[in-house]
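Undergrad: Below is the file work-v5.cif, which contains mmCIF, C-alpha atoms.
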data_coords
#
loop_
_atom_site.label_atom_id
_atom_site.label_comp_id
_atom_site.auth_asym_id
_atom_site.auth_seq_id
_atom_site.Cartn_x
_atom_site.Cartn_y
_atom_site.Cartn_z
CA MET S 12 55.92 114.86 83.47
CA ALA S 13 59.44 113.49 83.85
CA GLU S 14 61.22 111.50 81.20
CA ASN S 15 60.37 108.26 83.00
CA ASN S 16 56.74 109.40 83.40
CA SER S 17 57.22 109.62 87.16
CA PRO S 18 60.09 109.52 89.66
CA LEU S 19 58.10 106.74 91.36
CA VAL S 20 59.74 104.25 88.95
CA LEU S 21 62.86 104.59 91.13
CA GLY S 22 61.18 102.23 93.58
CA THR S 23 59.76 99.73 91.10
CA GLU S 24 61.96 99.31 87.99
CA PRO S 25 64.91 96.82 88.04
CA VAL S 26 67.90 98.43 89.73
CA ARG S 27 70.41 97.62 86.97
CA LYS S 28 68.10 99.13 84.34
CA LEU S 29 67.61 102.25 86.46
CA LEU S 30 71.34 102.67 87.09
CA VAL S 31 72.08 102.48 83.38
CA GLN S 32 69.17 104.79 82.60
CA TYR S 33 70.23 107.41 85.14
CA ALA S 34 73.99 106.94 85.07
CA PHE S 35 74.48 106.92 81.30
CA PRO S 36 73.30 110.50 80.72
CA ALA S 37 75.09 111.60 83.90
CA ILE S 38 78.31 109.95 82.69
CA ILE S 39 77.95 111.63 79.30
CA ALA S 40 77.36 114.95 81.04
CA MET S 41 80.27 114.56 83.47
CA THR S 42 82.59 113.34 80.72
CA ALA S 43 81.56 116.34 78.69
CA SER S 44 82.22 118.53 81.72
CA SER S 45 85.74 117.13 82.06
CA LEU S 46 86.31 117.53 78.32
CA TYR S 47 85.11 121.10 78.85
CA ASN S 48 88.05 121.65 81.23
CA MET S 49 90.44 119.66 79.05
CA ALA S 50 89.49 121.78 76.05
CA ASP S 51 90.48 124.91 77.98
CA SER S 52 93.86 123.34 78.79
CA ILE S 53 94.43 122.08 75.24
CA PHE S 54 93.59 125.40 73.58
CA ILE S 55 95.61 127.32 76.17
CA GLY S 56 98.53 124.90 75.83
CA HIS S 57 98.75 125.32 72.07
CA GLY S 58 97.48 128.89 71.81
CA VAL S 59 99.19 130.48 74.81
CA GLY S 60 102.04 128.11 75.74
CA ALA S 61 103.47 126.08 78.61
CA LEU S 62 103.34 129.01 81.03
CA GLY S 63 99.66 129.43 80.18
CA ILE S 64 99.01 125.84 81.29
CA ALA S 65 100.98 126.48 84.49
CA GLY S 66 98.95 129.65 85.09
CA LEU S 67 95.71 127.74 84.54
CA ALA S 68 96.84 125.06 87.02
CA LEU S 69 97.30 127.77 89.65
CA THR S 70 93.59 128.65 89.38
CA PHE S 71 92.49 125.10 90.28
CA PRO S 72 92.36 125.72 94.07
CA LEU S 73 90.14 128.77 93.64
CA MET S 74 87.96 126.92 91.12
CA ASN S 75 87.61 124.04 93.60
CA LEU S 76 86.73 126.51 96.34
CA ALA S 77 83.96 127.96 94.18
CA ALA S 78 82.82 124.41 93.36
CA ALA S 79 82.74 123.65 97.08
CA PHE S 80 80.08 126.28 97.68
CA GLY S 81 78.23 125.20 94.54
CA SER S 82 78.14 121.56 95.67
CA LEU S 83 77.12 122.61 99.18
CA VAL S 84 73.82 123.71 97.65
CA GLY S 85 73.51 121.67 94.45
CA VAL S 86 74.42 118.20 95.70
CA GLY S 87 72.59 118.68 98.98
CA ALA S 88 69.51 119.84 97.11
CA SER S 89 69.54 116.94 94.64
CA THR S 90 69.65 114.42 97.47
CA PHE S 91 66.92 116.32 99.34
CA VAL S 92 64.72 116.36 96.22
CA SER S 93 65.15 112.59 95.75
CA VAL S 94 64.31 111.85 99.37
CA LYS S 95 61.30 114.22 99.28
CA LEU S 96 60.00 112.50 96.16
CA GLY S 97 60.52 109.10 97.80
CA GLN S 98 58.43 110.34 100.70
CA LYS S 99 55.86 111.72 98.20
CA ASP S 100 56.34 115.25 99.58
CA TYR S 101 55.99 117.01 96.21
CA GLU S 102 55.38 120.48 97.60
CA GLY S 103 58.52 120.13 99.69
CA ALA S 104 60.50 119.20 96.56
CA ASN S 105 59.27 122.39 94.87
CA ARG S 106 60.34 124.49 97.85
CA VAL S 107 63.80 122.93 97.55
CA LEU S 108 63.96 124.18 93.95
CA GLY S 109 63.13 127.75 94.99
CA ASN S 110 65.60 127.72 97.86
CA VAL S 111 68.34 126.36 95.59
CA LEU S 112 67.91 129.26 93.19
CA VAL S 113 68.11 131.88 95.92
CA LEU S 114 71.04 130.25 97.72
CA ASN S 115 73.06 129.95 94.53
CA ILE S 116 72.55 133.62 93.71
CA LEU S 117 73.56 134.75 97.19
CA ILE S 118 76.59 132.47 97.45
CA GLY S 119 77.74 133.11 93.88
CA ILE S 120 77.73 136.89 94.29
CA GLY S 121 79.24 136.70 97.77
CA PHE S 122 82.14 134.51 96.64
CA THR S 123 83.05 136.95 93.87
CA LEU S 124 82.89 140.00 96.15
CA VAL S 125 85.23 138.36 98.67
CA CYS S 126 87.81 136.94 96.24
CA TYR S 127 88.07 139.52 93.45
CA PRO S 128 89.78 142.35 95.41
CA PHE S 129 92.47 140.00 96.74
CA LEU S 130 93.01 137.87 93.63
CA ASP S 131 96.74 138.57 93.18
CA GLN S 132 97.53 137.78 96.81
CA ILE S 133 95.49 134.59 96.65
CA LEU S 134 97.22 133.36 93.49
CA VAL S 135 100.70 134.11 94.86
CA PHE S 136 99.81 132.11 97.96
CA PHE S 137 98.73 129.27 95.67
CA GLY S 138 102.22 129.17 94.14
CA ALA S 139 102.17 131.75 91.33
CA SER S 140 105.50 133.20 90.23
CA GLU S 141 106.08 136.49 88.40
CA ASN S 142 106.01 134.44 85.17
CA THR S 143 102.71 132.65 85.77
CA LEU S 144 100.75 135.26 87.78
CA PRO S 145 99.60 137.34 84.75
CA TYR S 146 98.10 134.26 83.08
CA ALA S 147 96.34 133.06 86.24
CA ARG S 148 95.02 136.55 86.99
CA ASP S 149 93.69 137.18 83.47
CA TYR S 150 91.80 133.87 83.50
CA MET S 151 90.41 134.04 87.02
CA GLN S 152 89.17 137.64 86.88
CA ILE S 153 86.71 136.72 84.15
CA ILE S 154 85.68 133.44 85.78
CA LEU S 155 84.88 135.31 89.01
CA ILE S 156 82.73 137.81 87.11
CA GLY S 157 80.60 134.90 85.87
CA ASN S 158 80.70 132.92 89.12
CA VAL S 159 77.04 133.46 90.00
CA ILE S 160 76.07 132.09 86.57
CA THR S 161 78.16 128.98 87.20
CA HIS S 162 76.50 128.38 90.56
CA MET S 163 72.99 128.72 89.19
CA TYR S 164 73.74 126.55 86.15
CA LEU S 165 75.24 123.70 88.21
CA GLY S 166 72.60 123.93 90.95
CA LEU S 167 69.66 123.71 88.54
CA ASN S 168 71.35 120.86 86.67
CA ASN S 169 71.49 118.85 89.90
CA VAL S 170 67.79 119.42 90.50
CA LEU S 171 66.98 118.46 86.89
CA ARG S 172 68.71 115.11 87.31
CA ALA S 173 67.20 114.34 90.70
CA SER S 174 63.65 115.21 89.62
CA GLY S 175 63.53 112.71 86.76
CA TYR S 176 65.24 114.54 83.88
CA PRO S 177 68.67 112.90 83.56
CA LYS S 178 68.71 113.30 79.78
CA MET S 179 67.89 117.00 79.93
CA SER S 180 70.64 117.45 82.51
CA MET S 181 72.99 115.70 80.10
CA TYR S 182 71.89 117.86 77.18
CA ALA S 183 72.46 121.02 79.23
CA THR S 184 76.02 119.99 79.99
CA LEU S 185 76.69 118.90 76.41
CA ALA S 186 75.36 122.20 75.08
CA SER S 187 77.66 124.11 77.40
CA VAL S 188 80.66 122.02 76.33
CA ILE S 189 79.95 122.35 72.61
CA ILE S 190 79.47 126.10 72.83
CA ASN S 191 82.67 126.40 74.88
CA CYS S 192 84.66 124.35 72.37
CA VAL S 193 83.37 126.47 69.49
CA LEU S 194 84.09 129.78 71.20
CA ASN S 195 87.54 128.83 72.58
CA PRO S 196 89.46 128.79 69.27
CA ILE S 197 87.51 131.83 68.01
CA PHE S 198 88.42 133.91 71.06
CA ILE S 199 91.97 132.59 71.54
CA PHE S 200 93.17 132.35 67.93
CA GLY S 201 90.66 134.45 65.97
CA PHE S 202 90.35 137.44 68.32
CA ASP S 203 93.84 136.93 69.82
CA TRP S 204 92.46 137.25 73.36
CA GLY S 205 94.84 134.61 74.75
CA ILE S 206 93.91 133.02 78.06
CA LYS S 207 91.17 135.63 78.56
CA GLY S 208 89.42 134.21 75.51
CA SER S 209 89.19 130.79 77.12
CA ALA S 210 87.65 132.30 80.26
CA TRP S 211 85.08 134.27 78.26
CA ALA S 212 84.18 131.13 76.30
CA THR S 213 83.47 129.34 79.58
CA VAL S 214 81.25 132.07 81.00
CA ILE S 215 79.26 132.71 77.80
CA SER S 216 78.57 128.99 77.27
CA GLN S 217 77.15 128.73 80.79
CA VAL S 218 74.98 131.82 80.34
CA ILE S 219 73.36 130.32 77.25
CA THR S 220 72.75 126.97 78.98
CA LEU S 221 71.34 128.63 82.11
CA VAL S 222 68.73 130.44 80.00
CA TRP S 223 67.56 127.08 78.66
CA GLN S 224 67.31 125.63 82.18
CA MET S 225 65.35 128.66 83.41
CA VAL S 226 62.88 128.27 80.55
CA HIS S 227 62.31 124.63 81.56
CA PHE S 228 61.65 125.41 85.22
CA ALA S 229 59.47 128.40 84.32
CA ASN S 230 56.98 126.04 82.62
CA PRO S 231 54.10 125.37 85.08
CA LYS S 232 53.41 122.04 83.35
CA GLN S 233 56.69 120.60 84.63
CA PHE S 234 56.74 118.36 87.71
CA LEU S 235 58.97 120.87 89.52
CA HIS S 236 58.67 124.50 88.44
CA PHE S 237 59.14 128.08 89.60
CA LYS S 238 56.09 129.50 91.33
CA LYS S 239 55.13 131.88 94.09
CA GLY S 240 55.93 130.90 97.65
CA ILE S 241 58.99 128.72 97.03
CA TYR S 242 61.73 131.40 97.07
CA LYS S 243 61.60 132.41 100.72
CA LEU S 244 64.50 130.70 102.45
CA ASN S 245 63.16 128.05 104.80
CA SER S 246 65.48 127.39 107.73
CA GLU S 247 64.60 123.69 107.89
CA LEU S 248 65.19 123.19 104.18
CA VAL S 249 68.40 125.21 104.15
CA LYS S 250 69.77 123.24 107.11
CA GLY S 251 68.83 119.97 105.42
CA ILE S 252 70.41 120.97 102.11
CA ILE S 253 73.59 122.18 103.77
CA ALA S 254 73.85 119.15 106.08
CA ILE S 255 73.78 116.78 103.12
CA GLY S 256 75.96 119.04 100.99
CA LEU S 257 78.66 119.33 103.64
CA SER S 258 80.38 116.17 102.42
CA PRO S 259 81.12 117.38 98.87
CA PHE S 260 81.74 120.85 100.31
CA PHE S 261 84.50 119.60 102.57
CA MET S 262 85.75 117.36 99.77
CA ASN S 263 86.21 120.37 97.50
CA ILE S 264 87.68 122.49 100.29
CA SER S 265 90.10 119.67 100.97
CA ALA S 266 90.88 119.42 97.25
CA SER S 267 91.72 123.14 97.23
CA LEU S 268 94.08 122.70 100.15
CA ILE S 269 95.67 119.67 98.50
CA ILE S 270 96.24 121.46 95.20
CA ILE S 271 97.76 124.42 97.03
CA LEU S 272 100.19 122.11 98.84
CA ILE S 273 100.99 120.24 95.62
CA ASN S 274 101.57 123.44 93.62
CA ARG S 275 103.73 125.00 96.34
CA GLY S 276 105.74 121.78 96.69
CA LEU S 277 106.20 121.46 92.93
CA LYS S 278 107.20 125.13 92.66
CA GLU S 279 109.84 124.70 95.37
CA TYR S 280 111.33 121.44 94.06
CA GLY S 281 110.53 121.56 90.33
CA GLY S 282 109.57 125.09 89.23
CA ASP S 283 106.84 126.35 86.90
CA MET S 284 107.09 123.38 84.51
CA ALA S 285 106.37 120.94 87.34
CA ILE S 286 103.22 122.93 88.15
CA GLY S 287 102.24 122.81 84.49
CA ALA S 288 102.80 119.03 84.51
CA TYR S 289 100.45 118.68 87.46
CA GLY S 290 97.89 120.77 85.57
CA ILE S 291 97.97 118.22 82.74
CA VAL S 292 97.98 115.15 85.03
CA ASN S 293 95.11 116.65 87.01
CA ARG S 294 93.05 117.14 83.85
CA ILE S 295 93.63 113.54 82.74
CA ALA S 296 92.77 112.12 86.17
CA PHE S 297 89.78 114.46 86.26
CA LEU S 298 88.39 112.85 83.12
CA PHE S 299 88.14 109.42 84.77
CA THR S 300 87.00 110.70 88.16
CA MET S 301 84.24 112.69 86.46
CA VAL S 302 83.03 109.52 84.73
CA ILE S 303 82.88 107.86 88.16
CA MET S 304 81.07 110.91 89.50
CA GLY S 305 78.57 110.44 86.70
CA LEU S 306 78.02 106.90 87.95
CA ASN S 307 77.56 108.27 91.44
CA GLN S 308 75.03 110.80 90.20
CA GLY S 309 73.13 107.98 88.53
CA MET S 310 73.22 106.03 91.80
CA GLN S 311 72.17 109.02 93.93
CA PRO S 312 68.44 109.33 93.08
CA ILE S 313 68.00 105.53 93.12
CA ALA S 314 69.71 105.10 96.48
CA GLY S 315 68.09 108.23 97.96
CA TYR S 316 64.56 107.32 96.84
CA ASN S 317 64.75 103.69 98.01
CA TYR S 318 66.38 104.64 101.29
CA GLY S 319 63.52 107.09 101.87
CA ALA S 320 61.07 104.30 100.97
CA ARG S 321 62.97 101.85 103.25
CA ARG S 322 63.72 99.45 100.38
CA PHE S 323 67.16 98.52 101.72
CA GLU S 324 67.71 95.53 99.45
CA ARG S 325 67.49 97.88 96.44
CA VAL S 326 69.85 100.34 98.11
CA THR S 327 72.42 97.57 98.59
CA GLU S 328 72.01 96.33 95.03
CA VAL S 329 72.60 99.70 93.40
CA LEU S 330 75.64 100.29 95.60
CA LYS S 331 77.28 97.00 94.60
CA LEU S 332 76.65 97.59 90.90
CA THR S 333 78.07 101.11 91.09
CA ILE S 334 81.24 99.89 92.80
CA TRP S 335 81.90 97.28 90.09
CA TYR S 336 81.43 99.80 87.29
CA ALA S 337 83.54 102.46 89.02
CA VAL S 338 86.49 100.12 89.62
CA GLY S 339 86.33 99.09 85.95
CA ILE S 340 86.49 102.71 84.79
CA ALA S 341 89.40 103.50 87.10
CA THR S 342 91.25 100.41 85.87
CA PHE S 343 90.88 101.64 82.31
CA GLY S 344 92.42 104.95 83.37
CA PHE S 345 95.31 103.08 84.97
CA LEU S 346 96.01 101.20 81.71
CA ILE S 347 95.88 104.35 79.57
CA ALA S 348 98.26 106.22 81.87
CA HIS S 349 100.83 103.42 81.79
CA LEU S 350 100.56 102.22 78.19
CA VAL S 351 100.27 105.44 76.16
CA PRO S 352 101.09 108.36 78.50
CA SER S 353 103.08 110.47 76.00
CA VAL S 354 100.28 110.22 73.41
CA ILE S 355 97.80 111.67 75.89
CA VAL S 356 100.13 114.41 77.14
CA ARG S 357 100.95 115.62 73.61
CA LEU S 358 97.30 116.59 73.22
CA PHE S 359 98.02 119.42 75.66
CA THR S 360 101.48 120.61 74.69
CA SER S 361 104.39 120.23 72.28
CA ASP S 362 106.92 121.46 74.85
CA GLN S 363 109.26 118.50 75.46
CA GLU S 364 110.23 119.53 78.99
CA LEU S 365 106.57 119.73 79.97
CA ILE S 366 105.83 116.42 78.23
CA ASP S 367 108.59 114.59 80.15
CA ALA S 368 107.48 116.03 83.49
CA SER S 369 103.83 115.15 82.82
CA VAL S 370 104.56 111.53 81.81
CA TYR S 371 106.61 111.11 84.99
CA GLY S 372 103.72 112.42 87.08
CA LEU S 373 101.18 110.22 85.31
CA HIS S 374 103.09 107.03 86.10
CA VAL S 375 103.22 107.85 89.82
CA VAL S 376 99.72 109.32 90.34
CA PHE S 377 97.97 106.47 88.48
CA ALA S 378 99.97 103.72 90.24
CA VAL S 379 96.97 102.51 92.31
CA PHE S 380 94.22 104.35 90.45
CA PRO S 381 91.76 101.37 90.32
CA LEU S 382 91.30 101.80 94.08
CA VAL S 383 90.05 105.35 93.58
CA GLY S 384 86.82 104.07 92.01
CA PHE S 385 85.85 102.16 95.14
CA GLN S 386 86.68 105.03 97.48
CA MET S 387 84.69 107.59 95.48
CA VAL S 388 81.58 105.40 95.39
CA ALA S 389 81.77 104.67 99.11
CA THR S 390 81.97 108.36 99.98
CA ASN S 391 79.18 109.43 97.62
CA PHE S 392 76.93 106.57 98.68
CA PHE S 393 76.62 107.83 102.25
CA GLN S 394 76.00 111.32 100.91
CA SER S 395 73.24 109.94 98.65
CA ILE S 396 71.27 108.46 101.53
CA GLY S 397 71.72 111.51 103.75
CA MET S 398 74.35 110.05 106.12
CA ALA S 399 76.36 113.25 106.06
CA LYS S 400 78.72 112.48 108.94
CA LYS S 401 80.00 109.24 107.42
CA ALA S 402 80.36 110.85 104.00
CA ILE S 403 82.32 113.75 105.47
CA PHE S 404 84.56 111.39 107.43
CA LEU S 405 85.39 109.29 104.37
CA SER S 406 86.02 112.33 102.19
CA LEU S 407 88.38 113.78 104.78
CA THR S 408 90.36 110.58 105.40
CA ARG S 409 92.06 110.63 102.01
CA GLN S 410 92.49 114.34 101.49
CA ILE S 411 93.23 115.62 104.98
CA ILE S 412 94.13 112.81 107.37
CA PHE S 413 96.42 110.95 104.94
CA LEU S 414 97.37 113.17 101.99
CA VAL S 415 98.24 116.41 103.81
CA PRO S 416 100.85 114.81 106.11
CA CYS S 417 102.38 113.02 103.11
CA LEU S 418 102.64 116.27 101.16
CA ILE S 419 104.30 117.99 104.10
CA ILE S 420 106.77 115.22 104.97
CA LEU S 421 107.70 113.25 101.82
CA PRO S 422 108.96 116.14 99.61
CA ARG S 423 111.58 116.95 102.23
CA PHE S 424 113.15 113.55 101.63
CA PHE S 425 112.29 112.78 97.99
CA GLY S 426 111.83 116.21 96.38
CA VAL S 427 109.47 116.27 93.38
CA LEU S 428 108.93 112.50 93.62
CA GLY S 429 107.77 112.98 97.21
CA VAL S 430 105.02 115.32 96.01
CA TRP S 431 103.83 112.90 93.32
CA MET S 432 104.01 109.72 95.43
CA SER S 433 101.94 111.25 98.24
CA ILE S 434 98.83 110.79 96.10
CA PRO S 435 98.87 106.97 95.62
CA ILE S 436 99.95 106.44 99.23
CA ALA S 437 96.90 108.38 100.45
CA ASP S 438 94.68 106.41 98.05
CA ILE S 439 95.76 103.06 99.54
CA THR S 440 95.14 104.08 103.15
CA ALA S 441 91.81 105.82 102.41
CA VAL S 442 90.45 102.77 100.58
CA THR S 443 91.20 100.58 103.59
CA VAL S 444 89.17 102.83 105.88
CA SER S 445 86.30 103.11 103.37
CA ALA S 446 86.09 99.34 103.03
CA VAL S 447 85.68 98.89 106.79
CA VAL S 448 82.95 101.56 107.08
CA LEU S 449 81.06 100.28 104.03
CA PHE S 450 81.18 96.65 105.19
CA ASN S 451 79.61 97.64 108.51
CA GLN S 452 76.84 99.51 106.68
CA PHE S 453 76.18 96.45 104.48
CA ARG S 454 75.60 94.40 107.61
CA LYS S 455 73.13 96.97 108.94
CA PHE S 456 71.18 96.99 105.69
CA LYS S 457 71.05 93.21 105.74
CA ASP S 458 69.60 93.27 109.25
CA MET S 459 67.10 95.97 108.28
CA THR S 460 65.99 93.95 105.25
CA VAL S 461 65.43 90.84 107.35
CA ASN S 462 63.48 92.76 109.99
CA SER S 463 61.39 94.85 107.58
#
As structure tokens, what does this structure read like?

TA:
Amino acid sequence: MAENNSPLVLGTEPVRKLLVQYAFPAIIAMTASSLYNMADSIFIGHGVGALGIAGLALTFPLMNLAAAFGSLVGVGASTFVSVKLGQKDYEGANRVLGNVLVLNILIGIGFTLVCYPFLDQILVFFGASENTLPYARDYMQIILIGNVITHMYLGLNNVLRASGYPKMSMYATLASVIINCVLNPIFIFGFDWGIKGSAWATVISQVITLVWQMVHFANPKQFLHFKKGIYKLNSELVKGIIAIGLSPFFMNISASLIIILINRGLKEYGGDMAIGAYGIVNRIAFLFTMVIMGLNQGMQPIAGYNYGARRFERVTEVLKLTIWYAVGIATFGFLIAHLVPSVIVRLFTSDQELIDASVYGLHVVFAVFPLVGFQMVATNFFQSIGMAKKAIFLSLTRQIIFLVPCLIILPRFFGVLGVWMSIPIADITAVTVSAVVLFNQFRKFKDMTVNS
């Protein structure tokens, strides 16, 4: 049985209580996941140097691309599981589990086979110089070797959370983070493996956690578990999973494109240290956005279940609560970035040139950061209830429709500042569009509630 005895409580327990119950472990897990990435940067910054951080930053687009394919399956599957449970289609939810496992294996191996032979060319296109390419290559070669493990680990974690095990999902992420943080200094400083040590720490920690997840789903006493007949890819299920997962997929694809444009712009107008500064700013922003993503993951099964059960007043309630919490978290990030920026940056590096560049970037990128909380919830909400087209549209407005033109045009006039200021400008315009779309959906839910 699930931690809450049954996923059916998603339709009966008070919404605020459920959001806290589901979001808190997800927030802990996502915060741990961001600290996982920050730990890599911190150990690399102090154990390898400023060029190591710049090299790591150059791997972000490829990491986001891998995450795009992972979320295509994992996020789509978690929403599908929630909706299936809301519809009381338990056998269908089990088939989703089997299909998720197979899809993650196929996509994980395929991604590695396509990218590995052309890794140098890809990294140079992303903005690598002769100084930073060796660091980026050494890190990414190992990450690609373990890519299928990453896909399976993240995919099963999504299913764990959606099927009523938010705490176990949290523990899996925490275990991975703790193991990674223990292995990082051993491999980097003890074994003198440099940036390769950080990559090996990441892969090994995920292998250990994946084994634990597999043991859980292999237990026939669990609500969802591995069994015969669920592994054959079902075209209807695969289409449903992919349709829902397209929003985060395009969001991650867009993020890869954005980071490529940012890195290339920073390389042209600021050099390797500017790229390293973005690597640090990105990690700090990532911490707060991952907390908001944890909130969204807590909202997802509640919104998905009640939407499937046509309890629209509960869907509206959980959405409003999530927005308030998300804006509060983003506001806290805004205050940290403007009140104590140098304190945060010095966690990553002692190089003064890199510190100055990073503080400068923090001030600009976090200028309107409270708005980011609202926009992220709006986008993920439509994904949670299976409205893939609206979710895709909202995810693309910020990253493609608004941010890409800014990154192409503004640096020509303002140099490095033009690259940095493109981000808050895109945030403002994207939030405006999201507010209009979400307000219209609120009205529809209100009408549905009255007529139900």

Undergrad: Pull out every residue that the PyMOL selection byres ((chain S and resi 289) around 8) matches in the shown coordinates and put them as a PyMOL selection string.

TA: chain S and resi 68+274+285-288+290-293+369+372

Undergrad: Which is closer to Ala446 in chain S than all the others in S:Gln386, S:Thr360, S:Gln410, S:Ser395, using all atoms listed in the file?

TA: S:Gln386

Undergrad: Skip range 434-438 of chain S itself and residues of its chain fewer than 5 positions away, then list as a ChimeraX atom specification all residues within 9 Å of it, counting all atoms listed in the file.

TA: /S:375-380,382-383,386,408-410,412-415,417-418,443

Undergrad: I need the residues from that last selection saved to file as a tab-separated table (two decimals), in the frame of the given file (with C-alpha atoms), if you can.

TA:
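Result saved to result.tsv:
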chain	number	residue	atom	x	y	z
S	375	VAL	CA	103.22	107.85	89.82
S	376	VAL	CA	99.72	109.32	90.34
S	377	PHE	CA	97.97	106.47	88.48
S	378	ALA	CA	99.97	103.72	90.24
S	379	VAL	CA	96.97	102.51	92.31
S	380	PHE	CA	94.22	104.35	90.45
S	382	LEU	CA	91.30	101.80	94.08
S	383	VAL	CA	90.05	105.35	93.58
S	386	GLN	CA	86.68	105.03	97.48
S	408	THR	CA	90.36	110.58	105.40
S	409	ARG	CA	92.06	110.63	102.01
S	410	GLN	CA	92.49	114.34	101.49
S	412	ILE	CA	94.13	112.81	107.37
S	413	PHE	CA	96.42	110.95	104.94
S	414	LEU	CA	97.37	113.17	101.99
S	415	VAL	CA	98.24	116.41	103.81
S	417	CYS	CA	102.38	113.02	103.11
S	418	LEU	CA	102.64	116.27	101.16
S	443	THR	CA	91.20	100.58	103.59

Undergrad: Would you compute the distance between CA of Met432 in chain S and CA of Ile340 in chain S? Give it in Å to one decimal.

TA: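 Taking CA of Met432 in chain S as the start and CA of Ile340 in chain S as the end point, the length is 21.7 Å.
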
Undergrad: Nearest to Ile303 in chain S among S:Val351, S:Ile189, S:Ala37, S:Val84, with distances taken over all atoms listed in the file: which residue is it?

TA: S:Ala37

Undergrad: Name the closest residue to Glu24 in chain S among the candidates S:Thr70, S:Asn317, S:Thr213, S:Ser433; distances are taken between atoms, counting only C-alpha atoms.

TA: S:Asn317

Undergrad: Taking the partial coordinates given, rebuild range 312-328 of chain S to contain N, CA and C atoms; return it as a JSON list (two decimals), in the coordinates of the input.

TA:
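Output below, filename selection.json:
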[["chain", "number", "residue", "atom", "x", "y", "z"],
["S", 312, "PRO", "N", 69.90, 109.31, 92.93],
["S", 312, "PRO", "CA", 68.44, 109.33, 93.08],
["S", 312, "PRO", "C", 67.85, 107.95, 93.38],
["S", 313, "ILE", "N", 68.50, 106.89, 92.87],
["S", 313, "ILE", "CA", 68.00, 105.53, 93.12],
["S", 313, "ILE", "C", 68.21, 105.16, 94.58],
["S", 314, "ALA", "N", 69.43, 105.41, 95.08],
["S", 314, "ALA", "CA", 69.71, 105.10, 96.48],
["S", 314, "ALA", "C", 68.90, 105.99, 97.41],
["S", 315, "GLY", "N", 68.82, 107.30, 97.10],
["S", 315, "GLY", "CA", 68.09, 108.23, 97.96],
["S", 315, "GLY", "C", 66.61, 107.90, 98.03],
["S", 316, "TYR", "N", 65.99, 107.63, 96.88],
["S", 316, "TYR", "CA", 64.56, 107.32, 96.84],
["S", 316, "TYR", "C", 64.27, 106.05, 97.63],
["S", 317, "ASN", "N", 65.04, 104.98, 97.37],
["S", 317, "ASN", "CA", 64.75, 103.69, 98.01],
["S", 317, "ASN", "C", 65.11, 103.69, 99.49],
["S", 318, "TYR", "N", 66.08, 104.50, 99.86],
["S", 318, "TYR", "CA", 66.38, 104.64, 101.29],
["S", 318, "TYR", "C", 65.21, 105.35, 101.98],
["S", 319, "GLY", "N", 64.68, 106.40, 101.32],
["S", 319, "GLY", "CA", 63.52, 107.09, 101.87],
["S", 319, "GLY", "C", 62.31, 106.19, 101.96],
["S", 320, "ALA", "N", 62.19, 105.25, 100.99],
["S", 320, "ALA", "CA", 61.07, 104.30, 100.97],
["S", 320, "ALA", "C", 61.35, 103.04, 101.78],
["S", 321, "ARG", "N", 62.54, 102.98, 102.41],
["S", 321, "ARG", "CA", 62.97, 101.85, 103.25],
["S", 321, "ARG", "C", 63.02, 100.54, 102.45],
["S", 322, "ARG", "N", 63.48, 100.62, 101.21],
["S", 322, "ARG", "CA", 63.72, 99.45, 100.38],
["S", 322, "ARG", "C", 65.22, 99.16, 100.39],
["S", 323, "PHE", "N", 65.71, 98.63, 101.50],
["S", 323, "PHE", "CA", 67.16, 98.52, 101.72],
["S", 323, "PHE", "C", 67.83, 97.52, 100.79],
["S", 324, "GLU", "N", 67.09, 96.50, 100.36],
["S", 324, "GLU", "CA", 67.71, 95.53, 99.45],
["S", 324, "GLU", "C", 68.03, 96.18, 98.11],
["S", 325, "ARG", "N", 67.21, 97.15, 97.68],
["S", 325, "ARG", "CA", 67.49, 97.88, 96.44],
["S", 325, "ARG", "C", 68.63, 98.86, 96.63],
["S", 326, "VAL", "N", 68.73, 99.43, 97.80],
["S", 326, "VAL", "CA", 69.85, 100.34, 98.11],
["S", 326, "VAL", "C", 71.17, 99.58, 98.01],
["S", 327, "THR", "N", 71.21, 98.39, 98.62],
["S", 327, "THR", "CA", 72.42, 97.57, 98.59],
["S", 327, "THR", "C", 72.77, 97.15, 97.16],
["S", 328, "GLU", "N", 71.76, 96.79, 96.39],
["S", 328, "GLU", "CA", 72.01, 96.33, 95.03],
["S", 328, "GLU", "C", 72.62, 97.42, 94.16]]
